[in-house]
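> Got model05.cif for you, mmCIF, N, CA and C atoms:
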```
data_structure
loop_
_atom_site.label_atom_id
_atom_site.label_comp_id
_atom_site.auth_asym_id
_atom_site.auth_seq_id
_atom_site.Cartn_x
_atom_site.Cartn_y
_atom_site.Cartn_z
N MET P 1 29.83 64.39 215.39
CA MET P 1 29.88 65.42 214.37
C MET P 1 28.93 66.54 214.77
N ALA P 2 29.35 67.74 214.59
CA ALA P 2 28.54 68.90 214.98
C ALA P 2 27.34 69.04 214.08
N GLY P 3 26.27 69.61 214.61
CA GLY P 3 25.05 69.82 213.84
C GLY P 3 25.18 70.99 212.90
N LEU P 4 24.17 71.17 212.08
CA LEU P 4 24.18 72.25 211.11
C LEU P 4 24.07 73.61 211.78
N CYS P 5 23.25 73.69 212.78
CA CYS P 5 23.03 74.97 213.47
C CYS P 5 23.39 74.77 214.93
N GLU P 6 24.30 75.52 215.39
CA GLU P 6 24.68 75.44 216.80
C GLU P 6 23.99 76.59 217.53
N GLY P 7 22.73 76.38 217.89
CA GLY P 7 21.98 77.42 218.57
C GLY P 7 22.28 77.45 220.05
N GLY P 8 21.80 78.48 220.72
CA GLY P 8 21.96 78.57 222.15
C GLY P 8 23.31 79.07 222.61
N ASN P 9 24.11 79.63 221.68
CA ASN P 9 25.43 80.11 222.05
C ASN P 9 25.42 81.56 222.51
N GLU P 10 24.31 82.24 222.38
CA GLU P 10 24.26 83.64 222.78
C GLU P 10 24.24 83.74 224.30
N SER P 11 24.86 84.78 224.80
CA SER P 11 24.85 84.99 226.24
C SER P 11 23.50 85.59 226.64
N PRO P 12 23.07 85.34 227.87
CA PRO P 12 21.81 85.94 228.32
C PRO P 12 21.81 87.46 228.20
N GLY P 13 22.99 88.08 228.35
CA GLY P 13 23.08 89.53 228.22
C GLY P 13 22.77 90.00 226.81
N SER P 14 23.24 89.25 225.80
CA SER P 14 22.98 89.65 224.42
C SER P 14 21.51 89.47 224.07
N LEU P 15 20.87 88.40 224.62
CA LEU P 15 19.45 88.21 224.37
C LEU P 15 18.64 89.34 225.00
N LYS P 16 19.04 89.75 226.20
CA LYS P 16 18.37 90.86 226.87
C LYS P 16 18.54 92.15 226.07
N ALA P 17 19.74 92.35 225.52
CA ALA P 17 20.01 93.54 224.71
C ALA P 17 19.14 93.54 223.46
N ASN P 18 18.99 92.37 222.82
CA ASN P 18 18.15 92.28 221.63
C ASN P 18 16.70 92.64 221.94
N LYS P 19 16.20 92.16 223.05
CA LYS P 19 14.83 92.48 223.45
C LYS P 19 14.69 93.97 223.72
N SER P 20 15.71 94.54 224.35
CA SER P 20 15.67 95.98 224.63
C SER P 20 15.67 96.79 223.34
N VAL P 21 16.45 96.35 222.36
CA VAL P 21 16.49 97.06 221.07
C VAL P 21 15.14 96.99 220.38
N ILE P 22 14.52 95.82 220.40
CA ILE P 22 13.19 95.67 219.78
C ILE P 22 12.20 96.61 220.46
N LYS P 23 12.23 96.64 221.79
CA LYS P 23 11.31 97.52 222.52
C LYS P 23 11.58 98.99 222.19
N GLU P 24 12.84 99.35 222.05
CA GLU P 24 13.18 100.73 221.74
C GLU P 24 12.73 101.10 220.33
N ILE P 25 12.96 100.23 219.36
CA ILE P 25 12.56 100.49 217.98
C ILE P 25 11.04 100.66 217.88
N LEU P 26 10.31 99.84 218.62
CA LEU P 26 8.85 99.89 218.58
C LEU P 26 8.27 100.92 219.54
N SER P 27 9.14 101.65 220.23
CA SER P 27 8.73 102.66 221.21
C SER P 27 7.84 102.08 222.30
N LEU P 28 8.20 100.88 222.76
CA LEU P 28 7.46 100.24 223.84
C LEU P 28 8.12 100.61 225.16
N PRO P 29 7.36 100.69 226.24
CA PRO P 29 7.95 100.97 227.55
C PRO P 29 8.91 99.85 227.96
N ASP P 30 9.90 100.19 228.77
CA ASP P 30 10.88 99.21 229.23
C ASP P 30 10.25 98.09 230.05
N ASP P 31 9.12 98.38 230.69
CA ASP P 31 8.49 97.36 231.53
C ASP P 31 7.52 96.48 230.75
N THR P 32 7.53 96.55 229.42
CA THR P 32 6.69 95.67 228.60
C THR P 32 7.17 94.24 228.79
N PRO P 33 6.27 93.31 229.12
CA PRO P 33 6.69 91.92 229.34
C PRO P 33 7.27 91.30 228.06
N ASN P 34 8.33 90.53 228.22
CA ASN P 34 8.93 89.86 227.07
C ASN P 34 7.95 88.91 226.39
N ALA P 35 7.06 88.31 227.17
CA ALA P 35 6.08 87.38 226.60
C ALA P 35 5.23 88.07 225.54
N MET P 36 4.99 89.36 225.68
CA MET P 36 4.19 90.08 224.70
C MET P 36 4.89 90.12 223.34
N LEU P 37 6.21 90.16 223.34
CA LEU P 37 6.94 90.19 222.08
C LEU P 37 6.70 88.93 221.26
N TYR P 38 6.55 87.79 221.93
CA TYR P 38 6.46 86.52 221.24
C TYR P 38 5.06 85.95 221.17
N ALA P 39 4.11 86.52 221.90
CA ALA P 39 2.74 86.02 221.88
C ALA P 39 2.12 86.27 220.50
N SER P 40 1.21 85.40 220.11
CA SER P 40 0.59 85.56 218.80
C SER P 40 -0.31 86.80 218.77
N LYS P 41 -0.57 87.26 217.57
CA LYS P 41 -1.34 88.49 217.39
C LYS P 41 -2.78 88.34 217.87
N ASN P 42 -3.32 87.12 217.80
CA ASN P 42 -4.71 86.95 218.21
C ASN P 42 -4.90 87.07 219.72
N VAL P 43 -3.81 87.12 220.49
CA VAL P 43 -3.91 87.38 221.93
C VAL P 43 -3.22 88.70 222.26
N ARG P 44 -3.18 89.60 221.28
CA ARG P 44 -2.65 90.95 221.40
C ARG P 44 -1.13 91.01 221.61
N GLY P 45 -0.45 89.99 221.15
CA GLY P 45 1.01 90.02 221.17
C GLY P 45 1.53 90.55 219.85
N LEU P 46 2.84 90.63 219.73
CA LEU P 46 3.46 91.14 218.50
C LEU P 46 3.77 90.04 217.50
N GLY P 47 3.74 88.80 217.93
CA GLY P 47 3.94 87.68 217.02
C GLY P 47 5.36 87.54 216.49
N ASN P 48 6.37 88.04 217.22
CA ASN P 48 7.76 87.89 216.78
C ASN P 48 8.20 86.44 216.93
N LEU P 49 9.11 86.03 216.07
CA LEU P 49 9.70 84.70 216.19
C LEU P 49 10.84 84.75 217.19
N ARG P 50 10.95 83.73 217.96
CA ARG P 50 12.07 83.62 218.89
C ARG P 50 13.20 82.92 218.14
N ALA P 51 14.24 83.67 217.83
CA ALA P 51 15.34 83.15 217.01
C ALA P 51 15.96 81.90 217.62
N GLU P 52 16.05 81.86 218.94
CA GLU P 52 16.66 80.69 219.58
C GLU P 52 15.80 79.45 219.37
N TRP P 53 14.48 79.61 219.22
CA TRP P 53 13.61 78.48 218.90
C TRP P 53 13.74 78.12 217.43
N GLU P 54 13.76 79.13 216.60
CA GLU P 54 13.75 78.91 215.15
C GLU P 54 14.94 78.07 214.70
N ALA P 55 16.12 78.32 215.23
CA ALA P 55 17.30 77.55 214.84
C ALA P 55 17.12 76.07 215.16
N SER P 56 16.58 75.77 216.33
CA SER P 56 16.38 74.36 216.71
C SER P 56 15.28 73.71 215.88
N ILE P 57 14.24 74.45 215.59
CA ILE P 57 13.15 73.91 214.76
C ILE P 57 13.66 73.61 213.36
N GLN P 58 14.43 74.54 212.78
CA GLN P 58 14.98 74.33 211.45
C GLN P 58 15.93 73.14 211.43
N HIS P 59 16.78 73.03 212.46
CA HIS P 59 17.73 71.92 212.51
C HIS P 59 17.00 70.59 212.60
N TYR P 60 15.95 70.52 213.40
CA TYR P 60 15.15 69.29 213.52
C TYR P 60 14.56 68.93 212.16
N ASN P 61 13.99 69.90 211.47
CA ASN P 61 13.37 69.63 210.17
C ASN P 61 14.40 69.22 209.12
N ILE P 62 15.58 69.83 209.15
CA ILE P 62 16.64 69.44 208.21
C ILE P 62 17.03 67.98 208.46
N CYS P 63 17.18 67.60 209.71
CA CYS P 63 17.53 66.22 210.04
C CYS P 63 16.45 65.25 209.55
N ARG P 64 15.20 65.62 209.71
CA ARG P 64 14.10 64.77 209.23
C ARG P 64 14.19 64.56 207.73
N ARG P 65 14.50 65.63 207.01
CA ARG P 65 14.61 65.52 205.55
C ARG P 65 15.83 64.68 205.16
N LEU P 66 16.95 64.87 205.85
CA LEU P 66 18.17 64.13 205.52
C LEU P 66 18.04 62.65 205.80
N GLU P 67 17.17 62.27 206.72
CA GLU P 67 16.97 60.84 207.00
C GLU P 67 16.47 60.09 205.77
N HIS P 68 15.80 60.78 204.86
CA HIS P 68 15.23 60.14 203.67
C HIS P 68 16.17 60.17 202.48
N VAL P 69 17.35 60.77 202.64
CA VAL P 69 18.33 60.83 201.57
C VAL P 69 19.06 59.50 201.50
N ASN P 70 19.16 58.95 200.30
CA ASN P 70 19.80 57.65 200.11
C ASN P 70 21.30 57.87 199.87
N ASP P 71 22.05 58.09 200.94
CA ASP P 71 23.48 58.33 200.85
C ASP P 71 24.15 57.68 202.06
N ALA P 72 24.87 56.60 201.80
CA ALA P 72 25.50 55.85 202.88
C ALA P 72 26.53 56.70 203.64
N HIS P 73 27.25 57.57 202.92
CA HIS P 73 28.26 58.41 203.58
C HIS P 73 27.61 59.37 204.57
N LEU P 74 26.50 59.95 204.17
CA LEU P 74 25.78 60.88 205.06
C LEU P 74 25.40 60.18 206.36
N HIS P 75 24.81 59.01 206.23
CA HIS P 75 24.33 58.30 207.41
C HIS P 75 25.48 57.74 208.24
N HIS P 76 26.62 57.53 207.62
CA HIS P 76 27.80 57.07 208.37
C HIS P 76 28.42 58.22 209.17
N MET P 77 28.40 59.42 208.59
CA MET P 77 29.05 60.58 209.22
C MET P 77 28.18 61.32 210.22
N ARG P 78 26.90 61.23 210.07
CA ARG P 78 25.99 62.00 210.93
C ARG P 78 25.06 61.07 211.69
N ASN P 79 24.85 61.36 212.95
CA ASN P 79 23.87 60.64 213.75
C ASN P 79 22.61 61.53 213.79
N LEU P 80 21.79 61.40 212.76
CA LEU P 80 20.65 62.29 212.61
C LEU P 80 19.63 62.13 213.74
N GLU P 81 19.48 60.91 214.21
CA GLU P 81 18.53 60.66 215.30
C GLU P 81 18.97 61.41 216.56
N GLU P 82 20.26 61.37 216.84
CA GLU P 82 20.79 62.07 218.02
C GLU P 82 20.68 63.58 217.84
N GLU P 83 20.93 64.08 216.64
CA GLU P 83 20.81 65.51 216.37
C GLU P 83 19.36 65.98 216.55
N LYS P 84 18.42 65.15 216.13
CA LYS P 84 17.00 65.49 216.34
C LYS P 84 16.68 65.57 217.83
N LYS P 85 17.18 64.61 218.59
CA LYS P 85 16.94 64.61 220.04
C LYS P 85 17.54 65.86 220.69
N THR P 86 18.74 66.25 220.24
CA THR P 86 19.39 67.44 220.78
C THR P 86 18.55 68.68 220.49
N SER P 87 18.02 68.77 219.27
CA SER P 87 17.18 69.93 218.91
C SER P 87 15.93 69.98 219.77
N LEU P 88 15.30 68.83 219.98
CA LEU P 88 14.10 68.79 220.81
C LEU P 88 14.42 69.15 222.26
N THR P 89 15.58 68.70 222.75
CA THR P 89 15.99 69.02 224.11
C THR P 89 16.17 70.53 224.27
N ARG P 90 16.77 71.18 223.27
CA ARG P 90 16.94 72.64 223.33
C ARG P 90 15.59 73.34 223.38
N LEU P 91 14.59 72.74 222.74
CA LEU P 91 13.24 73.32 222.74
C LEU P 91 12.45 72.92 223.99
N LYS P 92 13.08 72.12 224.84
CA LYS P 92 12.43 71.61 226.06
C LYS P 92 11.20 70.76 225.72
N ILE P 93 11.34 69.95 224.66
CA ILE P 93 10.30 69.02 224.25
C ILE P 93 10.85 67.62 224.47
N PRO P 94 10.15 66.77 225.23
CA PRO P 94 10.65 65.40 225.42
C PRO P 94 10.68 64.67 224.08
N PRO P 95 11.82 64.09 223.70
CA PRO P 95 11.92 63.42 222.39
C PRO P 95 10.89 62.33 222.17
N ASN P 96 10.46 61.65 223.23
CA ASN P 96 9.48 60.57 223.05
C ASN P 96 8.05 61.10 222.87
N SER P 97 7.85 62.42 222.99
CA SER P 97 6.50 62.97 222.83
C SER P 97 6.20 63.33 221.38
N VAL P 98 7.22 63.29 220.50
CA VAL P 98 7.02 63.63 219.09
C VAL P 98 6.71 62.35 218.34
N THR P 99 5.57 62.33 217.68
CA THR P 99 5.20 61.15 216.91
C THR P 99 5.65 61.32 215.46
N PRO P 100 6.12 60.24 214.84
CA PRO P 100 6.54 60.35 213.44
C PRO P 100 5.35 60.68 212.55
N GLN P 101 5.58 61.56 211.59
CA GLN P 101 4.52 61.94 210.68
C GLN P 101 4.43 60.94 209.54
N THR P 102 3.22 60.78 209.06
CA THR P 102 3.04 59.95 207.87
C THR P 102 3.37 60.83 206.65
N LYS P 103 3.61 60.18 205.54
CA LYS P 103 3.95 60.96 204.36
C LYS P 103 2.72 61.71 203.89
N GLY P 104 2.91 62.98 203.61
CA GLY P 104 1.83 63.81 203.10
C GLY P 104 2.01 64.05 201.62
N LYS P 105 1.18 64.88 201.08
CA LYS P 105 1.27 65.23 199.67
C LYS P 105 2.48 66.13 199.43
N HIS P 106 3.14 65.91 198.32
CA HIS P 106 4.22 66.81 197.92
C HIS P 106 3.60 68.01 197.23
N LEU P 107 4.05 69.20 197.60
CA LEU P 107 3.50 70.41 197.02
C LEU P 107 4.10 70.71 195.66
N ARG P 108 5.27 70.19 195.40
CA ARG P 108 5.91 70.44 194.11
C ARG P 108 6.12 69.18 193.36
#
```
Give the structure from the file, written as C-alpha cells.


Amino acid sequence: MAGLCEGGNESPGSLKANKSVIKEILSLPDDTPNAMLYASKNVRGLGNLRAEWEASIQHYNICRRLEHVNDAHLHHMRNLEEEKKTSLTRLKIPPNSVTPQTKGKHLR
C-alpha cells in the first residue's frame, strides 16, 4: 500500500529551479552555495526547510502516531514499520540507528 506522502518525485531540474527562484527573490548572487539556504541562522545560513526532507519526516511521524491507533483494519492494510523504514531511507538515516522514544508528557 502506498504511503501518505510520496516524496522524492521531483526532478533534479525542478529542485534546481526552485533554488534559483529563492535566490532571485532574495536577490542573492547565482554563485551562493545551496548549503547556505538550508544552514541554520546561528551559522549565518537562511534556515530554510528542505521540502524533500520535510515530507519524509512528516510521514515517519505520522506512521509513529498510527502505530498506537487501536484499529485492526489499519494495521492489516498498512505496513507502518516498512513505511517508517522507507522514510528513514529517503532521509539517508539507517533504520537501526533510530531508537524508540519513551512516552513523554501529553501537551493537551

> Would you work out the distance separating atom C of P:Glu52 from atom N of P:Asn70, expressed in Å to one decimal?

28.2 Å

> To one decimal in Å, tell me the separation between atom C of P:Leu66 and atom C of P:Arg78.

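Taking atom C of P:Leu66 and atom C of P:Arg78, their separation equals 9.3 Å.
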
> Could you work out how far atom CA of P:Asn61 lies from atom CA of P:Val98, giving the answer in Å with one decimal?

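Interatomic distance, atom CA of P:Val98 to atom CA of P:Asn61: 12.5 Å.
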
> From the list P:Lys23, P:Arg44, P:Arg50, P:Arg64, which residue is nearest P:Leu80 when using only N, CA and C atoms?

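Selected residue with least distance to P:Leu80: P:Arg64.
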
> In the coordinates of the file, take the point (15.0, 70.9, 221.8) and a cut-off of 12 Å; then, counting only C-alpha atoms, name each qualifying protein, DNA or RNA residue as an MDAnalysis selection string.

chainID P and resid 6:8 52:61 82:98

> Give me a file of those residues, with N, CA and C atoms, as a PDB file, in the frame of the given file.


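Output file part-v7.pdb follows:
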```pdb
ATOM      1  N   GLU P   6      24.300  75.520 215.390  1.00  0.00           N
ATOM      2  CA  GLU P   6      24.680  75.440 216.800  1.00  0.00           C
ATOM      3  C   GLU P   6      23.990  76.590 217.530  1.00  0.00           C
ATOM      4  N   GLY P   7      22.730  76.380 217.890  1.00  0.00           N
ATOM      5  CA  GLY P   7      21.980  77.420 218.570  1.00  0.00           C
ATOM      6  C   GLY P   7      22.280  77.450 220.050  1.00  0.00           C
ATOM      7  N   GLY P   8      21.800  78.480 220.720  1.00  0.00           N
ATOM      8  CA  GLY P   8      21.960  78.570 222.150  1.00  0.00           C
ATOM      9  C   GLY P   8      23.310  79.070 222.610  1.00  0.00           C
ATOM     10  N   GLU P  52      16.050  81.860 218.940  1.00  0.00           N
ATOM     11  CA  GLU P  52      16.660  80.690 219.580  1.00  0.00           C
ATOM     12  C   GLU P  52      15.800  79.450 219.370  1.00  0.00           C
ATOM     13  N   TRP P  53      14.480  79.610 219.220  1.00  0.00           N
ATOM     14  CA  TRP P  53      13.610  78.480 218.900  1.00  0.00           C
ATOM     15  C   TRP P  53      13.740  78.120 217.430  1.00  0.00           C
ATOM     16  N   GLU P  54      13.760  79.130 216.600  1.00  0.00           N
ATOM     17  CA  GLU P  54      13.750  78.910 215.150  1.00  0.00           C
ATOM     18  C   GLU P  54      14.940  78.070 214.700  1.00  0.00           C
ATOM     19  N   ALA P  55      16.120  78.320 215.230  1.00  0.00           N
ATOM     20  CA  ALA P  55      17.300  77.550 214.840  1.00  0.00           C
ATOM     21  C   ALA P  55      17.120  76.070 215.160  1.00  0.00           C
ATOM     22  N   SER P  56      16.580  75.770 216.330  1.00  0.00           N
ATOM     23  CA  SER P  56      16.380  74.360 216.710  1.00  0.00           C
ATOM     24  C   SER P  56      15.280  73.710 215.880  1.00  0.00           C
ATOM     25  N   ILE P  57      14.240  74.450 215.590  1.00  0.00           N
ATOM     26  CA  ILE P  57      13.150  73.910 214.760  1.00  0.00           C
ATOM     27  C   ILE P  57      13.660  73.610 213.360  1.00  0.00           C
ATOM     28  N   GLN P  58      14.430  74.540 212.780  1.00  0.00           N
ATOM     29  CA  GLN P  58      14.980  74.330 211.450  1.00  0.00           C
ATOM     30  C   GLN P  58      15.930  73.140 211.430  1.00  0.00           C
ATOM     31  N   HIS P  59      16.780  73.030 212.460  1.00  0.00           N
ATOM     32  CA  HIS P  59      17.730  71.920 212.510  1.00  0.00           C
ATOM     33  C   HIS P  59      17.000  70.590 212.600  1.00  0.00           C
ATOM     34  N   TYR P  60      15.950  70.520 213.400  1.00  0.00           N
ATOM     35  CA  TYR P  60      15.150  69.290 213.520  1.00  0.00           C
ATOM     36  C   TYR P  60      14.560  68.930 212.160  1.00  0.00           C
ATOM     37  N   ASN P  61      13.990  69.900 211.470  1.00  0.00           N
ATOM     38  CA  ASN P  61      13.370  69.630 210.170  1.00  0.00           C
ATOM     39  C   ASN P  61      14.400  69.220 209.120  1.00  0.00           C
ATOM     40  N   GLU P  82      20.260  61.370 216.840  1.00  0.00           N
ATOM     41  CA  GLU P  82      20.790  62.070 218.020  1.00  0.00           C
ATOM     42  C   GLU P  82      20.680  63.580 217.840  1.00  0.00           C
ATOM     43  N   GLU P  83      20.930  64.080 216.640  1.00  0.00           N
ATOM     44  CA  GLU P  83      20.810  65.510 216.370  1.00  0.00           C
ATOM     45  C   GLU P  83      19.360  65.980 216.550  1.00  0.00           C
ATOM     46  N   LYS P  84      18.420  65.150 216.130  1.00  0.00           N
ATOM     47  CA  LYS P  84      17.000  65.490 216.340  1.00  0.00           C
ATOM     48  C   LYS P  84      16.680  65.570 217.830  1.00  0.00           C
ATOM     49  N   LYS P  85      17.180  64.610 218.590  1.00  0.00           N
ATOM     50  CA  LYS P  85      16.940  64.610 220.040  1.00  0.00           C
ATOM     51  C   LYS P  85      17.540  65.860 220.690  1.00  0.00           C
ATOM     52  N   THR P  86      18.740  66.250 220.240  1.00  0.00           N
ATOM     53  CA  THR P  86      19.390  67.440 220.780  1.00  0.00           C
ATOM     54  C   THR P  86      18.550  68.680 220.490  1.00  0.00           C
ATOM     55  N   SER P  87      18.020  68.770 219.270  1.00  0.00           N
ATOM     56  CA  SER P  87      17.180  69.930 218.910  1.00  0.00           C
ATOM     57  C   SER P  87      15.930  69.980 219.770  1.00  0.00           C
ATOM     58  N   LEU P  88      15.300  68.830 219.980  1.00  0.00           N
ATOM     59  CA  LEU P  88      14.100  68.790 220.810  1.00  0.00           C
ATOM     60  C   LEU P  88      14.420  69.150 222.260  1.00  0.00           C
ATOM     61  N   THR P  89      15.580  68.700 222.750  1.00  0.00           N
ATOM     62  CA  THR P  89      15.990  69.020 224.110  1.00  0.00           C
ATOM     63  C   THR P  89      16.170  70.530 224.270  1.00  0.00           C
ATOM     64  N   ARG P  90      16.770  71.180 223.270  1.00  0.00           N
ATOM     65  CA  ARG P  90      16.940  72.640 223.330  1.00  0.00           C
ATOM     66  C   ARG P  90      15.590  73.340 223.380  1.00  0.00           C
ATOM     67  N   LEU P  91      14.590  72.740 222.740  1.00  0.00           N
ATOM     68  CA  LEU P  91      13.240  73.320 222.740  1.00  0.00           C
ATOM     69  C   LEU P  91      12.450  72.920 223.990  1.00  0.00           C
ATOM     70  N   LYS P  92      13.080  72.120 224.840  1.00  0.00           N
ATOM     71  CA  LYS P  92      12.430  71.610 226.060  1.00  0.00           C
ATOM     72  C   LYS P  92      11.200  70.760 225.720  1.00  0.00           C
ATOM     73  N   ILE P  93      11.340  69.950 224.660  1.00  0.00           N
ATOM     74  CA  ILE P  93      10.300  69.020 224.250  1.00  0.00           C
ATOM     75  C   ILE P  93      10.850  67.620 224.470  1.00  0.00           C
ATOM     76  N   PRO P  94      10.150  66.770 225.230  1.00  0.00           N
ATOM     77  CA  PRO P  94      10.650  65.400 225.420  1.00  0.00           C
ATOM     78  C   PRO P  94      10.680  64.670 224.080  1.00  0.00           C
ATOM     79  N   PRO P  95      11.820  64.090 223.700  1.00  0.00           N
ATOM     80  CA  PRO P  95      11.920  63.420 222.390  1.00  0.00           C
ATOM     81  C   PRO P  95      10.890  62.330 222.170  1.00  0.00           C
ATOM     82  N   ASN P  96      10.460  61.650 223.230  1.00  0.00           N
ATOM     83  CA  ASN P  96       9.480  60.570 223.050  1.00  0.00           C
ATOM     84  C   ASN P  96       8.050  61.100 222.870  1.00  0.00           C
ATOM     85  N   SER P  97       7.850  62.420 222.990  1.00  0.00           N
ATOM     86  CA  SER P  97       6.500  62.970 222.830  1.00  0.00           C
ATOM     87  C   SER P  97       6.200  63.330 221.380  1.00  0.00           C
ATOM     88  N   VAL P  98       7.220  63.290 220.500  1.00  0.00           N
ATOM     89  CA  VAL P  98       7.020  63.630 219.090  1.00  0.00           C
ATOM     90  C   VAL P  98       6.710  62.350 218.340  1.00  0.00           C
TER      91      VAL P  98
END
```

> All heavy atoms are what I want for stretch 73-81 of chain P; can you complete it accordingly and write them as a PDB file, in the coordinates of the input?


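After the write, part.pdb holds the following:
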```pdb
ATOM      1  N   HIS P  73      27.250  57.570 202.920  1.00  0.00           N
ATOM      2  CA  HIS P  73      28.260  58.410 203.580  1.00  0.00           C
ATOM      3  C   HIS P  73      27.610  59.370 204.570  1.00  0.00           C
ATOM      4  O   HIS P  73      28.131  59.579 205.664  1.00  0.00           O
ATOM      5  CB  HIS P  73      29.063  59.196 202.543  1.00  0.00           C
ATOM      6  CG  HIS P  73      29.839  58.327 201.615  1.00  0.00           C
ATOM      7  ND1 HIS P  73      30.913  57.574 202.034  1.00  0.00           N
ATOM      8  CD2 HIS P  73      29.681  58.064 200.299  1.00  0.00           C
ATOM      9  CE1 HIS P  73      31.398  56.896 201.020  1.00  0.00           C
ATOM     10  NE2 HIS P  73      30.666  57.165 199.944  1.00  0.00           N
ATOM     11  N   LEU P  74      26.500  59.950 204.170  1.00  0.00           N
ATOM     12  CA  LEU P  74      25.780  60.880 205.060  1.00  0.00           C
ATOM     13  C   LEU P  74      25.400  60.180 206.360  1.00  0.00           C
ATOM     14  O   LEU P  74      25.660  60.679 207.447  1.00  0.00           O
ATOM     15  CB  LEU P  74      24.546  61.441 204.365  1.00  0.00           C
ATOM     16  CG  LEU P  74      23.603  62.245 205.248  1.00  0.00           C
ATOM     17  CD1 LEU P  74      24.222  63.587 205.603  1.00  0.00           C
ATOM     18  CD2 LEU P  74      22.265  62.440 204.562  1.00  0.00           C
ATOM     19  N   HIS P  75      24.810  59.010 206.230  1.00  0.00           N
ATOM     20  CA  HIS P  75      24.330  58.300 207.410  1.00  0.00           C
ATOM     21  C   HIS P  75      25.480  57.740 208.240  1.00  0.00           C
ATOM     22  O   HIS P  75      25.319  57.514 209.442  1.00  0.00           O
ATOM     23  CB  HIS P  75      23.344  57.211 206.998  1.00  0.00           C
ATOM     24  CG  HIS P  75      22.114  57.778 206.370  1.00  0.00           C
ATOM     25  ND1 HIS P  75      21.171  58.485 207.073  1.00  0.00           N
ATOM     26  CD2 HIS P  75      21.688  57.795 205.081  1.00  0.00           C
ATOM     27  CE1 HIS P  75      20.206  58.891 206.270  1.00  0.00           C
ATOM     28  NE2 HIS P  75      20.508  58.493 205.040  1.00  0.00           N
ATOM     29  N   HIS P  76      26.620  57.530 207.620  1.00  0.00           N
ATOM     30  CA  HIS P  76      27.800  57.070 208.370  1.00  0.00           C
ATOM     31  C   HIS P  76      28.420  58.220 209.170  1.00  0.00           C
ATOM     32  O   HIS P  76      28.883  58.034 210.285  1.00  0.00           O
ATOM     33  CB  HIS P  76      28.840  56.483 207.401  1.00  0.00           C
ATOM     34  CG  HIS P  76      30.087  56.035 208.086  1.00  0.00           C
ATOM     35  ND1 HIS P  76      30.134  54.888 208.870  1.00  0.00           N
ATOM     36  CD2 HIS P  76      31.324  56.576 208.137  1.00  0.00           C
ATOM     37  CE1 HIS P  76      31.342  54.761 209.360  1.00  0.00           C
ATOM     38  NE2 HIS P  76      32.099  55.770 208.933  1.00  0.00           N
ATOM     39  N   MET P  77      28.400  59.420 208.590  1.00  0.00           N
ATOM     40  CA  MET P  77      29.050  60.580 209.220  1.00  0.00           C
ATOM     41  C   MET P  77      28.180  61.320 210.220  1.00  0.00           C
ATOM     42  O   MET P  77      28.701  61.982 211.110  1.00  0.00           O
ATOM     43  CB  MET P  77      29.505  61.568 208.142  1.00  0.00           C
ATOM     44  CG  MET P  77      30.545  61.013 207.194  1.00  0.00           C
ATOM     45  SD  MET P  77      32.055  60.498 208.013  1.00  0.00           S
ATOM     46  CE  MET P  77      32.656  62.044 208.619  1.00  0.00           C
ATOM     47  N   ARG P  78      26.900  61.230 210.070  1.00  0.00           N
ATOM     48  CA  ARG P  78      25.990  62.000 210.930  1.00  0.00           C
ATOM     49  C   ARG P  78      25.060  61.070 211.690  1.00  0.00           C
ATOM     50  O   ARG P  78      24.512  60.137 211.121  1.00  0.00           O
ATOM     51  CB  ARG P  78      25.118  62.953 210.084  1.00  0.00           C
ATOM     52  CG  ARG P  78      25.846  63.854 209.156  1.00  0.00           C
ATOM     53  CD  ARG P  78      26.157  65.204 209.705  1.00  0.00           C
ATOM     54  NE  ARG P  78      25.098  65.945 210.304  1.00  0.00           N
ATOM     55  CZ  ARG P  78      24.426  66.936 209.723  1.00  0.00           C
ATOM     56  NH1 ARG P  78      24.680  67.273 208.493  1.00  0.00           N
ATOM     57  NH2 ARG P  78      23.529  67.604 210.395  1.00  0.00           N
ATOM     58  N   ASN P  79      24.850  61.360 212.950  1.00  0.00           N
ATOM     59  CA  ASN P  79      23.870  60.640 213.750  1.00  0.00           C
ATOM     60  C   ASN P  79      22.610  61.530 213.790  1.00  0.00           C
ATOM     61  O   ASN P  79      22.422  62.322 214.721  1.00  0.00           O
ATOM     62  CB  ASN P  79      24.405  60.359 215.151  1.00  0.00           C
ATOM     63  CG  ASN P  79      23.466  59.518 215.969  1.00  0.00           C
ATOM     64  OD1 ASN P  79      22.306  59.317 215.599  1.00  0.00           O
ATOM     65  ND2 ASN P  79      23.949  59.024 217.083  1.00  0.00           N
ATOM     66  N   LEU P  80      21.790  61.400 212.760  1.00  0.00           N
ATOM     67  CA  LEU P  80      20.650  62.290 212.610  1.00  0.00           C
ATOM     68  C   LEU P  80      19.630  62.130 213.740  1.00  0.00           C
ATOM     69  O   LEU P  80      19.026  63.103 214.183  1.00  0.00           O
ATOM     70  CB  LEU P  80      19.994  62.077 211.249  1.00  0.00           C
ATOM     71  CG  LEU P  80      20.892  62.415 210.056  1.00  0.00           C
ATOM     72  CD1 LEU P  80      20.232  61.978 208.756  1.00  0.00           C
ATOM     73  CD2 LEU P  80      21.216  63.890 210.034  1.00  0.00           C
ATOM     74  N   GLU P  81      19.480  60.910 214.210  1.00  0.00           N
ATOM     75  CA  GLU P  81      18.530  60.660 215.300  1.00  0.00           C
ATOM     76  C   GLU P  81      18.970  61.410 216.560  1.00  0.00           C
ATOM     77  O   GLU P  81      18.164  62.038 217.246  1.00  0.00           O
ATOM     78  CB  GLU P  81      18.412  59.161 215.559  1.00  0.00           C
ATOM     79  CG  GLU P  81      17.224  58.787 216.403  1.00  0.00           C
ATOM     80  CD  GLU P  81      15.893  59.157 215.770  1.00  0.00           C
ATOM     81  OE1 GLU P  81      15.729  59.039 214.552  1.00  0.00           O
ATOM     82  OE2 GLU P  81      15.003  59.589 216.535  1.00  0.00           O
TER      83      GLU P  81
END
```
